[in-house]
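The next block is model_27.csv, given as CSV, C-alpha atoms.
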```csv
chain,number,residue,atom,x,y,z
A,73,MET,CA,-24.6,50.0,-53.3
A,74,LYS,CA,-27.4,49.9,-55.9
A,75,ILE,CA,-30.7,51.0,-54.5
A,76,GLU,CA,-32.8,49.3,-57.1
A,77,ASN,CA,-33.9,45.9,-55.8
A,78,ALA,CA,-32.0,46.3,-52.5
A,79,ASN,CA,-33.8,45.0,-49.4
A,80,ILE,CA,-33.8,47.7,-46.7
A,81,LEU,CA,-35.2,47.7,-43.2
A,82,ILE,CA,-36.0,51.1,-41.6
A,83,THR,CA,-37.0,51.4,-37.9
A,84,GLY,CA,-39.3,54.2,-36.9
A,85,GLY,CA,-40.6,54.4,-40.5
A,86,THR,CA,-44.1,55.8,-39.9
A,87,LEU,CA,-43.2,59.5,-39.6
A,88,GLY,CA,-40.5,62.0,-40.2
A,89,ILE,CA,-37.0,61.0,-41.4
A,90,GLY,CA,-37.9,57.3,-41.5
A,91,TYR,CA,-41.0,57.9,-43.6
A,92,ALA,CA,-39.2,60.3,-46.0
A,93,THR,CA,-36.3,57.8,-46.4
A,94,ALA,CA,-38.6,54.9,-47.1
A,95,ARG,CA,-40.5,56.9,-49.7
A,96,LEU,CA,-37.3,58.0,-51.5
A,97,LEU,CA,-35.7,54.5,-51.5
A,98,ILE,CA,-39.0,52.9,-52.7
A,99,GLU,CA,-39.2,55.5,-55.5
A,100,HIS,CA,-35.8,54.3,-56.7
A,101,GLY,CA,-36.7,50.7,-56.7
A,102,ALA,CA,-35.8,49.4,-53.2
A,103,ASN,CA,-37.8,46.8,-51.3
A,104,VAL,CA,-38.5,48.4,-47.9
A,105,ALA,CA,-39.9,47.3,-44.6
A,106,ILE,CA,-40.7,49.8,-41.9
A,107,THR,CA,-41.3,49.3,-38.2
A,108,GLY,CA,-43.5,51.2,-35.8
A,109,ARG,CA,-44.9,50.7,-32.4
A,110,ASP,CA,-48.5,51.7,-33.3
A,111,GLU,CA,-50.1,49.0,-35.5
A,112,LYS,CA,-52.7,51.2,-37.1
A,113,ARG,CA,-50.2,54.0,-37.9
A,114,THR,CA,-47.6,51.5,-39.2
A,115,HIS,CA,-50.0,49.8,-41.6
A,116,LYS,CA,-51.3,53.1,-42.8
A,117,ALA,CA,-47.8,54.4,-43.5
A,118,ALA,CA,-46.9,51.2,-45.3
A,119,ARG,CA,-49.9,51.3,-47.5
A,120,GLU,CA,-49.1,54.9,-48.5
A,121,LEU,CA,-45.5,54.0,-49.2
A,122,GLY,CA,-45.8,50.6,-50.7
A,123,ALA,CA,-43.7,49.2,-47.9
A,124,MET,CA,-43.9,46.1,-45.8
A,125,PRO,CA,-45.3,46.9,-42.3
A,126,ILE,CA,-43.8,45.4,-39.1
A,127,THR,CA,-45.4,46.5,-35.9
A,128,ALA,CA,-42.6,46.3,-33.4
A,129,ASP,CA,-40.9,48.2,-30.6
A,130,VAL,CA,-37.1,48.3,-30.9
A,131,ALA,CA,-36.9,48.5,-27.1
A,132,ASN,CA,-38.5,45.0,-26.9
A,133,PRO,CA,-35.9,42.3,-27.6
A,134,GLU,CA,-38.6,39.8,-28.6
A,135,ASP,CA,-40.0,42.4,-31.1
A,136,VAL,CA,-36.5,42.8,-32.5
A,137,LYS,CA,-36.1,39.1,-33.1
A,138,ARG,CA,-39.6,38.9,-34.7
A,139,THR,CA,-38.7,41.9,-36.9
A,140,PHE,CA,-35.8,40.1,-38.5
A,141,LYS,CA,-37.6,36.8,-38.8
A,142,MET,CA,-40.5,38.5,-40.7
A,143,PHE,CA,-38.1,40.5,-42.9
A,144,MET,CA,-36.0,37.5,-43.8
A,145,ASN,CA,-39.0,35.3,-44.4
A,146,GLU,CA,-40.3,38.0,-46.9
A,147,TYR,CA,-37.1,38.9,-48.7
A,148,GLY,CA,-34.4,36.3,-47.8
A,149,ARG,CA,-31.6,38.8,-47.8
A,150,LEU,CA,-30.9,42.1,-45.9
A,151,ASP,CA,-28.8,44.8,-47.7
A,152,ALA,CA,-29.2,47.7,-45.3
A,153,LEU,CA,-30.5,48.5,-41.9
A,154,ILE,CA,-31.4,52.1,-41.1
A,155,ASN,CA,-31.5,52.5,-37.3
A,156,ASN,CA,-33.8,55.5,-37.2
A,157,ALA,CA,-36.2,54.9,-34.3
A,158,GLY,CA,-35.5,57.4,-31.5
A,159,ILE,CA,-37.1,59.4,-28.7
A,160,GLY,CA,-36.0,62.4,-26.7
A,161,ILE,CA,-36.4,64.0,-23.3
A,162,SER,CA,-35.2,67.5,-22.4
A,163,LYS,CA,-34.7,68.2,-18.7
A,164,LYS,CA,-32.1,70.1,-16.7
A,165,LEU,CA,-29.9,68.1,-14.4
A,166,GLY,CA,-31.9,69.1,-11.3
A,167,SER,CA,-35.1,67.6,-12.7
A,168,VAL,CA,-33.8,64.5,-14.4
A,169,GLN,CA,-34.8,61.1,-13.1
A,170,LEU,CA,-33.3,57.7,-13.6
A,171,GLU,CA,-36.5,56.6,-15.4
A,172,ASP,CA,-35.8,59.3,-18.0
A,173,PHE,CA,-32.5,57.8,-18.9
A,174,GLN,CA,-34.0,54.3,-18.9
A,175,GLN,CA,-36.8,55.3,-21.2
A,176,VAL,CA,-34.6,57.0,-23.8
A,177,TYR,CA,-31.7,54.6,-23.6
A,178,ASN,CA,-34.1,51.6,-24.1
A,179,VAL,CA,-34.8,53.0,-27.6
A,180,ASN,CA,-31.9,55.1,-28.7
A,181,VAL,CA,-29.1,52.9,-27.3
A,182,PHE,CA,-30.2,49.4,-26.4
A,183,GLY,CA,-32.8,49.1,-29.1
A,184,ALA,CA,-30.4,50.3,-31.8
A,185,ALA,CA,-27.7,47.9,-30.4
A,186,MET,CA,-30.0,44.9,-30.6
A,187,MET,CA,-31.1,45.8,-34.1
A,188,GLY,CA,-27.4,46.2,-35.1
A,189,LYS,CA,-26.5,42.9,-33.4
A,190,HIS,CA,-29.1,40.9,-35.4
A,191,ALA,CA,-28.3,42.7,-38.6
A,192,ALA,CA,-24.5,42.0,-38.1
A,193,GLU,CA,-25.3,38.2,-37.7
A,194,ILE,CA,-26.9,38.3,-41.2
A,195,PHE,CA,-24.3,40.5,-42.7
A,196,LYS,CA,-21.4,38.3,-41.6
A,197,LYS,CA,-23.0,35.3,-43.3
A,198,GLN,CA,-23.6,37.3,-46.4
A,199,ASN,CA,-20.2,38.9,-46.3
A,200,TYR,CA,-21.9,42.1,-47.1
A,201,GLY,CA,-24.2,44.7,-45.6
A,202,ASN,CA,-24.9,48.3,-44.5
A,203,ILE,CA,-26.0,50.0,-41.3
A,204,ILE,CA,-26.9,53.7,-41.1
A,205,ASN,CA,-27.4,54.9,-37.5
A,206,ILE,CA,-29.4,58.1,-37.3
A,207,GLY,CA,-27.6,60.1,-34.6
A,208,SER,CA,-27.9,63.9,-34.1
A,209,THR,CA,-25.6,66.9,-34.0
A,210,ALA,CA,-26.3,66.4,-30.3
A,211,ALA,CA,-23.9,63.4,-30.6
A,212,THR,CA,-21.0,65.8,-31.0
A,213,LYS,CA,-21.8,68.7,-28.6
A,214,GLY,CA,-23.9,68.9,-25.5
A,215,TYR,CA,-26.4,71.7,-24.6
A,216,GLU,CA,-28.3,72.8,-21.6
A,217,GLY,CA,-31.1,70.4,-20.7
A,218,GLY,CA,-29.7,67.7,-22.9
A,219,SER,CA,-28.2,65.3,-20.4
A,220,VAL,CA,-30.6,62.4,-21.3
A,221,TYR,CA,-30.9,62.8,-25.1
A,222,VAL,CA,-27.4,64.0,-25.8
A,223,SER,CA,-25.7,61.2,-23.8
A,224,SER,CA,-27.8,58.6,-25.7
A,225,LYS,CA,-26.6,60.0,-29.0
A,226,PHE,CA,-23.0,60.1,-27.8
A,227,ALA,CA,-23.4,56.4,-26.9
A,228,LEU,CA,-24.8,55.7,-30.4
A,229,ARG,CA,-21.8,57.5,-31.9
A,230,GLY,CA,-19.4,55.4,-29.8
A,231,MET,CA,-21.2,52.2,-30.7
A,232,THR,CA,-21.0,53.1,-34.4
A,233,GLN,CA,-17.3,53.5,-34.2
A,234,CYS,CA,-17.0,50.1,-32.5
A,235,TRP,CA,-19.1,48.4,-35.1
A,236,GLN,CA,-17.0,50.0,-37.8
A,237,ALA,CA,-13.9,48.4,-36.3
A,238,GLU,CA,-15.5,45.0,-35.9
A,239,LEU,CA,-17.3,44.7,-39.2
A,240,ARG,CA,-15.3,46.3,-42.0
A,241,ARG,CA,-13.5,42.9,-42.6
A,242,TYR,CA,-16.8,41.4,-43.5
A,243,ASN,CA,-17.5,44.1,-46.1
A,244,VAL,CA,-20.0,45.8,-43.9
A,245,ARG,CA,-20.3,49.5,-43.9
A,246,ILE,CA,-21.4,51.3,-40.7
A,247,MET,CA,-22.3,54.9,-41.1
A,248,LEU,CA,-23.5,57.6,-38.6
A,249,LEU,CA,-25.7,60.4,-39.9
A,250,ASN,CA,-26.2,63.4,-37.6
A,251,PRO,CA,-29.0,65.7,-38.6
A,252,SER,CA,-29.5,69.0,-36.9
A,253,GLU,CA,-33.0,70.2,-36.1
A,254,VAL,CA,-35.6,68.6,-38.4
A,255,THR,CA,-39.3,69.7,-38.5
A,256,THR,CA,-40.8,66.3,-37.7
A,257,ALA,CA,-43.0,64.9,-34.9
A,258,PHE,CA,-39.9,64.1,-32.8
A,259,GLY,CA,-40.4,65.0,-29.2
A,260,ARG,CA,-44.1,65.6,-29.5
A,261,GLU,CA,-46.4,63.5,-27.3
A,262,ASP,CA,-49.2,63.7,-29.9
A,263,ARG,CA,-46.8,62.3,-32.6
A,264,GLU,CA,-48.1,64.9,-35.1
A,265,GLU,CA,-45.7,66.3,-37.7
A,266,ARG,CA,-44.6,69.9,-37.2
A,267,ASP,CA,-45.2,72.3,-40.1
A,268,SER,CA,-42.3,72.7,-42.5
A,269,GLN,CA,-40.3,76.0,-42.2
A,270,PRO,CA,-38.4,77.5,-45.1
A,271,ASN,CA,-35.2,77.8,-43.1
A,272,LYS,CA,-35.3,74.4,-41.3
A,273,LEU,CA,-34.5,70.9,-42.4
A,274,ARG,CA,-37.1,68.5,-43.5
A,275,GLY,CA,-37.1,64.7,-43.5
A,276,ARG,CA,-36.5,64.7,-47.2
A,277,GLU,CA,-33.1,66.4,-46.9
A,278,ILE,CA,-31.9,63.7,-44.5
A,279,ALA,CA,-33.4,61.0,-46.8
A,280,ARG,CA,-31.3,62.3,-49.7
A,281,ALA,CA,-28.2,62.2,-47.5
A,282,ILE,CA,-29.0,58.6,-46.5
A,283,LYS,CA,-29.5,57.6,-50.2
A,284,GLY,CA,-26.3,59.3,-51.2
A,285,ALA,CA,-24.3,57.5,-48.5
A,286,LEU,CA,-25.7,54.2,-49.5
A,287,GLU,CA,-25.1,54.8,-53.2
A,288,LEU,CA,-21.4,55.4,-52.7
A,289,ASP,CA,-19.5,52.5,-54.4
A,290,ASP,CA,-19.1,49.6,-51.9
A,291,ARG,CA,-15.3,50.0,-51.9
A,292,GLY,CA,-15.7,53.0,-49.7
A,293,PHE,CA,-18.0,54.4,-47.0
A,294,ILE,CA,-18.7,57.7,-45.1
A,295,PRO,CA,-18.0,57.0,-41.4
A,296,GLU,CA,-19.9,60.0,-40.1
A,297,LEU,CA,-21.9,62.8,-41.9
A,298,ALA,CA,-23.6,65.8,-40.4
A,299,VAL,CA,-26.4,67.7,-42.1
A,300,TRP,CA,-27.1,71.3,-40.9
A,301,ALA,CA,-29.8,73.8,-41.9
A,302,THR,CA,-28.0,76.5,-43.8
A,303,ASN,CA,-29.5,79.5,-42.0
A,304,PRO,CA,-32.0,78.5,-39.2
A,305,PHE,CA,-31.6,81.7,-37.3
```
Re-express the file's structure as structure tokens.
Amino acid sequence: MKIENANILITGGTLGIGYATARLLIEHGANVAITGRDEKRTHKAARELGAMPITADVANPEDVKRTFKMFMNEYGRLDALINNAGIGISKKLGSVQLEDFQQVYNVNVFGAAMMGKHAAEIFKKQNYGNIINIGSTAATKGYEGGSVYVSSKFALRGMTQCWQAELRRYNVRIMLLNPSEVTTAFGREDREERDSQPNKLRGREIARAIKGALELDDRGFIPELAVWATNPF
């Protein structure tokens, strides 16, 4: 896929991985729209990036429909969806509540699924498209306290494989990118970015992996890619 002049939609694009990815793709000539739940933050990020802002919550089906309507009205074609929006809760099994699963799954699983559904409808008509789901190394191995978040990323990994089986015949590439720990605002209630650490991943490393996966010639794709910090210990 050629990044220049490609029309790309990124969910959760106001901070962290989404913001870094939007910046890198725009620097290389892509037309990018970012979504975010907070209108002020979304518009501020879009101004900084030169992106199209869409205030929307992926957990809200009506927002998802509106997101695609706005995007297609602006660009007329969708080349890639980056399903980046995600939240996390860490609780041991004895403390977890049903509401914890519902809150996280509404974004990480159901929201990603509905975004994927609408993108797939467009891609089938175009006979072309790309979806990159942002998973986690938690999608491959559980850990203590991870019942809610880990299971949501395992679900996303399973959906990715299902979409691959369904959509390859339409020239649609579905890819899963699993970052390990990244110093972003993820998991923080104040949504403030963490300070960068020399031995930890930053959003820009994940952005480069996303760009590289997209730039692979359309005749092939990377089904799943993990990015680890070399020495985070």
If you measure from atom CA of A:Glu287 to atom CA of A:Arg245, what distance in Å do you get, rounded to one decimal?
11.7 Å
What residues have an atom no more than 12 Å from (-30.5, 38.1, -46.6) in the file's own frame, counting all atoms listed in the file, and can you write them as a PyMOL selection string?
chain A and resi 78-81+140-153+190-202
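Counting all atoms listed in the file, stretch 100-111 of chain A has the following residues at most 6 Å away, ignoring those fewer than 5 positions along the same chain: Ile75, Glu76, Asn77, Ala78, Asn79, Ile80, Leu81, Ile82, Thr83, Gly84, Gly85, Ala123, Met124, Pro125, Ile126, Thr127, Ala128 and Asp129 of chain A.
As for atom CA of A:Asp135 and atom CA of A:Ile294, they are spaced 29.7 Å apart.
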Do you know which residues lie at most 10 Å from (-16.7, 47.4, -40.5), with coordinates as in the file and all atoms listed in the file counted, and could you write them as a PDB file with C-alpha atoms, in the coordinates of the input?
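So point_39.pdb came out as:
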```pdb
ATOM      1  CA  ALA A 192     -24.500  42.000 -38.100  1.00  0.00           C
ATOM      2  CA  TYR A 200     -21.900  42.100 -47.100  1.00  0.00           C
ATOM      3  CA  GLY A 201     -24.200  44.700 -45.600  1.00  0.00           C
ATOM      4  CA  ASN A 202     -24.900  48.300 -44.500  1.00  0.00           C
ATOM      5  CA  ILE A 203     -26.000  50.000 -41.300  1.00  0.00           C
ATOM      6  CA  THR A 232     -21.000  53.100 -34.400  1.00  0.00           C
ATOM      7  CA  GLN A 233     -17.300  53.500 -34.200  1.00  0.00           C
ATOM      8  CA  CYS A 234     -17.000  50.100 -32.500  1.00  0.00           C
ATOM      9  CA  TRP A 235     -19.100  48.400 -35.100  1.00  0.00           C
ATOM     10  CA  GLN A 236     -17.000  50.000 -37.800  1.00  0.00           C
ATOM     11  CA  ALA A 237     -13.900  48.400 -36.300  1.00  0.00           C
ATOM     12  CA  GLU A 238     -15.500  45.000 -35.900  1.00  0.00           C
ATOM     13  CA  LEU A 239     -17.300  44.700 -39.200  1.00  0.00           C
ATOM     14  CA  ARG A 240     -15.300  46.300 -42.000  1.00  0.00           C
ATOM     15  CA  ARG A 241     -13.500  42.900 -42.600  1.00  0.00           C
ATOM     16  CA  TYR A 242     -16.800  41.400 -43.500  1.00  0.00           C
ATOM     17  CA  ASN A 243     -17.500  44.100 -46.100  1.00  0.00           C
ATOM     18  CA  VAL A 244     -20.000  45.800 -43.900  1.00  0.00           C
ATOM     19  CA  ARG A 245     -20.300  49.500 -43.900  1.00  0.00           C
ATOM     20  CA  ILE A 246     -21.400  51.300 -40.700  1.00  0.00           C
ATOM     21  CA  MET A 247     -22.300  54.900 -41.100  1.00  0.00           C
ATOM     22  CA  PHE A 293     -18.000  54.400 -47.000  1.00  0.00           C
ATOM     23  CA  PRO A 295     -18.000  57.000 -41.400  1.00  0.00           C
TER      24      PRO A 295
END
```
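The gap separating atom CA of A:Thr93 from atom CA of A:Ala227 is 23.4 Å, in Å to one decimal.
When only C-alpha atoms are used to measure the gap to A:Ser252, the shortest distance among A:Glu216, A:Glu134, A:Asp267, A:Glu277 belongs to A:Glu277.
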Shell around A:Val179 at 10 Å using only C-alpha atoms, local window under 4 positions removed, as a PyMOL selection string
chain A and resi 129-132+156-160+174-175+183-186+224
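Minimum atom-to-atom distances from A:Thr86, A:Ser219, A:Glu120, A:Thr212 to A:Gly166 were compared using all atoms listed in the file, and the lowest value belongs to A:Ser219.
Counting only C-alpha atoms and comparing A:Ala117, A:Ile282, A:Ile161, A:Val168, the residue that lies closest to A:Leu249 is A:Ile282.
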